[in-house]
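Asks: Mind looking over this structure? Questions follow.
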Amino acid sequence: MNPELFAKFSEELKIAGNKVGEVQGVPLPESSCEIWEQIYNFQAREDDILIATYPKAGTTWMQEIVDLIMLEGDVEKSMRAPCFVKVPFLDLYPKPMPSGVEAANAMESPRLLKTHLPIQLLPPSFWEKNVKVIYVARNVKDCMVSYFHFQRMNKGLPDPGTWNEYFSTFTAGNVPWGSWFDHVIGWWKAKDKRQILYVFYEDIIEDPKREIRKISQFLGKELREEVLDTIQHHTSFSAMKENPMTNMSILPSDVFDQKISPFLRKGKVGDWKNHFLVAQNIVLDEEYQKKMEGIGLNFRTEL
């Protein structure tokens with residue numbers, strides 16, 4: 001990685017701050033809004049694989065799982081670069097570094113790509129090329145807690161304020177990439193019309209090997225049991241937390257301040273119980289019932 005570019009990025013953050021703009025009513029980082037046309041007009045290729053998630057739903061985890069599946073379990077090759085280099089983040093523009101679109105355009109096929117965009121904002125070329133998409137969904141309570149801690153340490157995102165303030169902000173959908181409800185519902189409704197594998201974070205925690213096998217089959221890879229075991233081991237929370245290619249330790253503290261909160265924090269189901277007040281739990285449960293009624297989408301908040 002280029003230390004000079006990182007230094008310039010850090011300076012840019014200090015000058016421009018971490019403002020949020022809007023595209024079609026969805027809050028996005030201001031730098032992404034500046035190049036929205038470039039993002040929306042991105043040209044997908046038929047052999048691309050796209051990982052789509054709401055923030056803090058297991059994105060890095062899925063990137064590493066899919067990379068290893070495509071490499072048929074070759075851990076050495078998977079260590080070739082940090083995850084954010086291996087898998088361009090299409091809707092990010094960490095200026096003055098190249099945008100995710102520019103990084104993707106410079107890659108050879110087959111490409112593994114990532115987005116946090118809600119489905120209505122996805123570049124149309126993904127549908128035109130019938131690209132395979134893996135969508136990872138995580139329960140709203142754990143997602144909220146994880147995003148709160150991520151916004152505390154990520155200098156590229158707005159300061160979340162106190163937990164109580166953030167609870168209201170998140171519930172209203174006034175966070176970067178918008179409403180959790182709109183995001184998970186939008187992708188759920190499209191899953192049977194497109195090549196979308198809809199995976200639950202909680203299912204991977206419960207039985208990683210089962211889910212890795214399911215993802216492999218979706219990608220057309222029949223892997224031996226020992227290869228699945230290798231992938232499961234290498235993508236365990238403890239292994240990824242120690243892996244400099246996945247734990248973001250390569251990023252300077254004025255971009256990701258891991259003294260405030262580690263990038264890979266807990267990786268558990270049910271940590272929300274350590275944060276939610278009884279009244280907050282009641283409020284969110286009511287909102288959940290209202291928004292999710294009749295959708296047919298079910299999440300587990302504990303295992």
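Just so we're on the same page: first chain in the structure tokens is A, next is B, and so on; residues restart at 1 for each chain, and ligands are numbered from 1 in the order they show up.
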Which residues are close to Asp142 of chain A, i.e. within 12 Å by only C-alpha atoms, leaving aside same-chain residues fewer than 2 positions away? Reply as JSON, numbers by chain.

Replies: {"A": [55, 56, 57, 58, 137, 138, 139, 140, 144, 145, 146, 147, 148, 149, 167, 180, 201, 202, 265, 266, 267, 268, 269, 270, 271, 272, 273, 274, 275, 276, 281, 299, 300, 301, 302]}

Asks: Since we have the selection now, will you write its residues out, keeping N, CA, C and O atoms, as a tab-separated table (two decimals), in the first residue's frame?

Replies:
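Here's the written file again.tsv:
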```tsv
chain	number	residue	atom	x	y	z
A	55	PRO	N	-24.30	-2.18	5.66
A	55	PRO	CA	-23.06	-2.09	6.44
A	55	PRO	C	-23.11	-2.92	7.73
A	55	PRO	O	-24.14	-2.98	8.40
A	56	LYS	N	-21.99	-3.55	8.03
A	56	LYS	CA	-21.79	-4.33	9.26
A	56	LYS	C	-22.65	-5.58	9.34
A	56	LYS	O	-23.05	-6.01	10.41
A	57	ALA	N	-22.90	-6.18	8.18
A	57	ALA	CA	-23.71	-7.41	8.14
A	57	ALA	C	-22.84	-8.64	7.84
A	57	ALA	O	-23.38	-9.71	7.58
A	58	GLY	N	-21.52	-8.49	7.87
A	58	GLY	CA	-20.64	-9.62	7.59
A	58	GLY	C	-19.97	-9.52	6.23
A	58	GLY	O	-19.62	-10.53	5.62
A	137	ALA	N	-27.48	-10.79	4.98
A	137	ALA	CA	-28.38	-10.02	5.85
A	137	ALA	C	-28.12	-10.41	7.30
A	137	ALA	O	-27.94	-11.59	7.62
A	138	ARG	N	-28.13	-9.41	8.18
A	138	ARG	CA	-27.90	-9.63	9.61
A	138	ARG	C	-29.04	-8.98	10.40
A	138	ARG	O	-29.55	-7.94	9.99
A	139	ASN	N	-29.41	-9.56	11.52
A	139	ASN	CA	-30.54	-9.01	12.27
A	139	ASN	C	-30.30	-7.55	12.65
A	139	ASN	O	-29.17	-7.13	12.89
A	140	VAL	N	-31.39	-6.79	12.69
A	140	VAL	CA	-31.31	-5.33	12.82
A	140	VAL	C	-30.64	-4.88	14.13
A	140	VAL	O	-29.92	-3.89	14.17
A	144	MET	N	-27.24	-2.74	14.19
A	144	MET	CA	-27.22	-1.39	14.75
A	144	MET	C	-26.04	-1.20	15.71
A	144	MET	O	-25.30	-0.21	15.63
A	145	VAL	N	-25.84	-2.17	16.59
A	145	VAL	CA	-24.74	-2.09	17.57
A	145	VAL	C	-23.39	-2.07	16.86
A	145	VAL	O	-22.51	-1.26	17.17
A	146	SER	N	-23.22	-2.95	15.89
A	146	SER	CA	-21.96	-3.03	15.16
A	146	SER	C	-21.68	-1.75	14.38
A	146	SER	O	-20.55	-1.25	14.35
A	147	TYR	N	-22.72	-1.20	13.76
A	147	TYR	CA	-22.57	0.03	12.97
A	147	TYR	C	-22.24	1.21	13.88
A	147	TYR	O	-21.44	2.09	13.53
A	148	PHE	N	-22.85	1.24	15.06
A	148	PHE	CA	-22.55	2.30	16.04
A	148	PHE	C	-21.05	2.31	16.37
A	148	PHE	O	-20.39	3.35	16.29
A	149	HIS	N	-20.51	1.14	16.69
A	149	HIS	CA	-19.08	1.07	17.05
A	149	HIS	C	-18.20	1.36	15.83
A	149	HIS	O	-17.13	1.96	15.96
A	167	PHE	N	-29.37	5.31	18.43
A	167	PHE	CA	-30.55	4.44	18.34
A	167	PHE	C	-31.65	5.11	17.53
A	167	PHE	O	-32.24	4.50	16.63
A	180	TRP	N	-32.04	0.20	7.25
A	180	TRP	CA	-31.82	-1.26	7.28
A	180	TRP	C	-33.05	-1.97	6.72
A	180	TRP	O	-32.93	-2.93	5.94
A	201	TYR	N	-26.45	-13.92	8.18
A	201	TYR	CA	-25.27	-13.88	9.06
A	201	TYR	C	-25.40	-14.93	10.17
A	201	TYR	O	-24.45	-15.67	10.47
A	202	GLU	N	-26.59	-14.99	10.76
A	202	GLU	CA	-26.82	-15.91	11.88
A	202	GLU	C	-26.68	-17.37	11.45
A	202	GLU	O	-26.21	-18.21	12.23
A	265	ARG	N	-14.84	-6.78	15.84
A	265	ARG	CA	-15.10	-6.50	17.25
A	265	ARG	C	-15.49	-7.74	18.04
A	265	ARG	O	-14.80	-8.15	18.95
A	266	LYS	N	-16.64	-8.35	17.70
A	266	LYS	CA	-17.10	-9.53	18.45
A	266	LYS	C	-17.52	-10.68	17.55
A	266	LYS	O	-17.29	-11.83	17.86
A	267	GLY	N	-18.20	-10.37	16.45
A	267	GLY	CA	-18.63	-11.43	15.53
A	267	GLY	C	-19.59	-12.41	16.17
A	267	GLY	O	-19.49	-13.61	15.93
A	268	LYS	N	-20.51	-11.89	16.97
A	268	LYS	CA	-21.46	-12.77	17.68
A	268	LYS	C	-22.89	-12.40	17.35
A	268	LYS	O	-23.16	-11.33	16.84
A	269	VAL	N	-23.80	-13.31	17.72
A	269	VAL	CA	-25.23	-13.02	17.63
A	269	VAL	C	-25.72	-12.74	19.05
A	269	VAL	O	-25.45	-13.52	19.96
A	270	GLY	N	-26.40	-11.61	19.24
A	270	GLY	CA	-26.99	-11.31	20.53
A	270	GLY	C	-26.25	-10.26	21.36
A	270	GLY	O	-26.64	-9.98	22.49
A	271	ASP	N	-25.20	-9.66	20.80
A	271	ASP	CA	-24.47	-8.62	21.56
A	271	ASP	C	-25.35	-7.40	21.82
A	271	ASP	O	-25.08	-6.60	22.71
A	272	TRP	N	-26.43	-7.27	21.04
A	272	TRP	CA	-27.35	-6.13	21.23
A	272	TRP	C	-27.87	-6.07	22.67
A	272	TRP	O	-28.19	-4.99	23.18
A	273	LYS	N	-27.95	-7.21	23.34
A	273	LYS	CA	-28.48	-7.24	24.71
A	273	LYS	C	-27.60	-6.44	25.67
A	273	LYS	O	-28.05	-6.04	26.74
A	274	ASN	N	-26.32	-6.24	25.30
A	274	ASN	CA	-25.41	-5.46	26.15
A	274	ASN	C	-25.55	-3.96	25.91
A	274	ASN	O	-24.87	-3.16	26.56
A	275	HIS	N	-26.41	-3.56	24.97
A	275	HIS	CA	-26.54	-2.14	24.61
A	275	HIS	C	-27.98	-1.61	24.75
A	275	HIS	O	-28.18	-0.48	25.16
A	276	PHE	N	-28.94	-2.42	24.36
A	276	PHE	CA	-30.34	-1.94	24.29
A	276	PHE	C	-30.94	-1.76	25.69
A	276	PHE	O	-30.84	-2.65	26.53
A	281	ASN	N	-35.72	-1.62	23.18
A	281	ASN	CA	-36.07	-2.92	22.60
A	281	ASN	C	-37.55	-2.95	22.22
A	281	ASN	O	-37.92	-3.46	21.15
A	299	PHE	N	-35.73	-13.03	10.84
A	299	PHE	CA	-34.38	-12.94	11.41
A	299	PHE	C	-34.36	-13.50	12.83
A	299	PHE	O	-35.34	-13.43	13.55
A	300	ARG	N	-33.20	-14.02	13.19
A	300	ARG	CA	-32.98	-14.48	14.56
A	300	ARG	C	-32.09	-13.48	15.28
A	300	ARG	O	-31.04	-13.10	14.75
A	301	THR	N	-32.47	-13.06	16.47
A	301	THR	CA	-31.67	-12.11	17.24
A	301	THR	C	-30.87	-12.80	18.35
A	301	THR	O	-30.15	-12.18	19.09
A	302	GLU	N	-31.05	-14.12	18.46
A	302	GLU	CA	-30.21	-14.91	19.36
A	302	GLU	C	-30.18	-16.35	18.85
A	302	GLU	O	-31.06	-16.77	18.09
```

Asks: Nearest to Val85 of chain A among A:Leu219, A:Ile51, A:Ala239, A:Met245, with distances taken over only C-alpha atoms: which residue is it?

Replies: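 Among A:Leu219, A:Ile51, A:Ala239, A:Met245, it is A:Met245 that comes nearest to Val85 of chain A.
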
Asks: Run DSSP on the backbone and tell me which residues of segment 55-295 of chain A come out as strand (DSSP E or B); list them as a list in words.

Replies: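 Matching residues, listed in order: Phe89, Leu112, Leu113, Lys114, Thr115, Lys132, Val133, Ile134, Tyr135, Val136, Ala137, Asn154, Ile196, Leu197, Tyr198, Val199, Phe200 and Phe256 of chain A.
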
Asks: Give the answer as one residue: which of A:Val87, A:Asn154, A:Thr53, A:Asn105 has the shortest atom-to-atom distance to Val255 of chain A, using only C-alpha atoms?

Replies: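 Ranked by minimum distance to Val255 of chain A, first place goes to A:Asn154.
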
Asks: Using only C-alpha atoms, which residues sit within 12 Å of segment 17-33 of chain A once same-chain residues fewer than 6 positions away are excluded, as a PyMOL selection string?

Replies: chain A and resi 9-11+39-40+55+89-101+115-122+151+154-160+169-170+172-180+182-183+255

Asks: For the selection just defined, write its residues with C-alpha atoms to a file, as an mmCIF file, in the first residue's frame.

Replies:
```
data_model
loop_
_atom_site.group_PDB
_atom_site.id
_atom_site.type_symbol
_atom_site.label_atom_id
_atom_site.label_comp_id
_atom_site.auth_asym_id
_atom_site.auth_seq_id
_atom_site.Cartn_x
_atom_site.Cartn_y
_atom_site.Cartn_z
ATOM 1 C CA PHE A 9 -6.463 10.526 2.289
ATOM 2 C CA SER A 10 -6.113 11.300 6.006
ATOM 3 C CA GLU A 11 -5.534 14.977 5.212
ATOM 4 C CA ILE A 39 -20.893 4.619 -9.948
ATOM 5 C CA TYR A 40 -24.336 4.191 -11.537
ATOM 6 C CA PRO A 55 -23.064 -2.091 6.442
ATOM 7 C CA PHE A 89 -15.895 -1.317 -2.950
ATOM 8 C CA LEU A 90 -17.917 0.150 -5.838
ATOM 9 C CA ASP A 91 -19.731 2.903 -3.960
ATOM 10 C CA LEU A 92 -16.667 4.259 -2.150
ATOM 11 C CA TYR A 93 -14.419 7.133 -3.188
ATOM 12 C CA PRO A 94 -11.611 7.533 -0.645
ATOM 13 C CA LYS A 95 -10.171 10.523 -2.477
ATOM 14 C CA PRO A 96 -7.452 11.181 -3.547
ATOM 15 C CA MET A 97 -7.134 7.400 -3.850
ATOM 16 C CA PRO A 98 -8.861 5.714 -6.809
ATOM 17 C CA SER A 99 -12.606 5.197 -6.502
ATOM 18 C CA GLY A 100 -13.984 1.678 -6.199
ATOM 19 C CA VAL A 101 -15.164 1.922 -9.802
ATOM 20 C CA THR A 115 -21.438 -2.842 -2.552
ATOM 21 C CA HIS A 116 -23.602 -1.490 0.262
ATOM 22 C CA LEU A 117 -26.098 0.014 -2.165
ATOM 23 C CA PRO A 118 -29.807 -0.656 -1.702
ATOM 24 C CA ILE A 119 -31.131 -2.580 -4.673
ATOM 25 C CA GLN A 120 -32.837 0.398 -6.369
ATOM 26 C CA LEU A 121 -29.476 2.193 -6.685
ATOM 27 C CA LEU A 122 -27.480 -0.750 -8.059
ATOM 28 C CA GLN A 151 -18.956 4.844 13.075
ATOM 29 C CA ASN A 154 -14.147 5.053 11.171
ATOM 30 C CA LYS A 155 -13.071 8.641 10.523
ATOM 31 C CA GLY A 156 -14.657 8.518 7.065
ATOM 32 C CA LEU A 157 -18.158 8.309 8.566
ATOM 33 C CA PRO A 158 -20.054 10.811 10.746
ATOM 34 C CA ASP A 159 -19.594 10.641 14.517
ATOM 35 C CA PRO A 160 -22.571 8.595 15.808
ATOM 36 C CA THR A 169 -30.787 8.016 14.058
ATOM 37 C CA PHE A 170 -30.424 4.402 12.922
ATOM 38 C CA ALA A 172 -35.108 6.448 11.341
ATOM 39 C CA GLY A 173 -32.719 5.302 8.575
ATOM 40 C CA ASN A 174 -30.636 8.494 8.792
ATOM 41 C CA VAL A 175 -27.286 6.719 8.521
ATOM 42 C CA PRO A 176 -24.985 6.215 5.504
ATOM 43 C CA TRP A 177 -26.621 3.759 3.043
ATOM 44 C CA GLY A 178 -30.025 4.435 4.568
ATOM 45 C CA SER A 179 -32.665 2.303 6.238
ATOM 46 C CA TRP A 180 -31.820 -1.261 7.276
ATOM 47 C CA ASP A 182 -35.581 -0.837 3.127
ATOM 48 C CA HIS A 183 -32.258 -2.520 2.344
ATOM 49 C CA VAL A 255 -8.589 6.564 9.157
#
```

Asks: Smallest atom-to-atom distance to His234 of chain A: which of A:Ile65, A:Ala104, A:Ile250, A:Ile295, using only C-alpha atoms?

Replies: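 When distances to His234 of chain A are compared using only C-alpha atoms, the smallest one comes from A:Ile65.
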
Asks: Write out as a ChimeraX atom specification the set of residues from segment 16-117 of chain A that DSSP, computed on the backbone, places in alpha helix (DSSP H).

Replies: /A:16,30-34,36-40,59-70,75-78,83-86,100-105

Asks: If you count only C-alpha atoms, which residues fall within 10 Å of Phe84 of chain A, apart from same-chain ones fewer than 6 positions away, as a list in words?

Replies: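 Contacts, in chain order: Thr60, Gln63, Gly100, Leu113, Lys114, Met245, Thr246 and Met248 of chain A.
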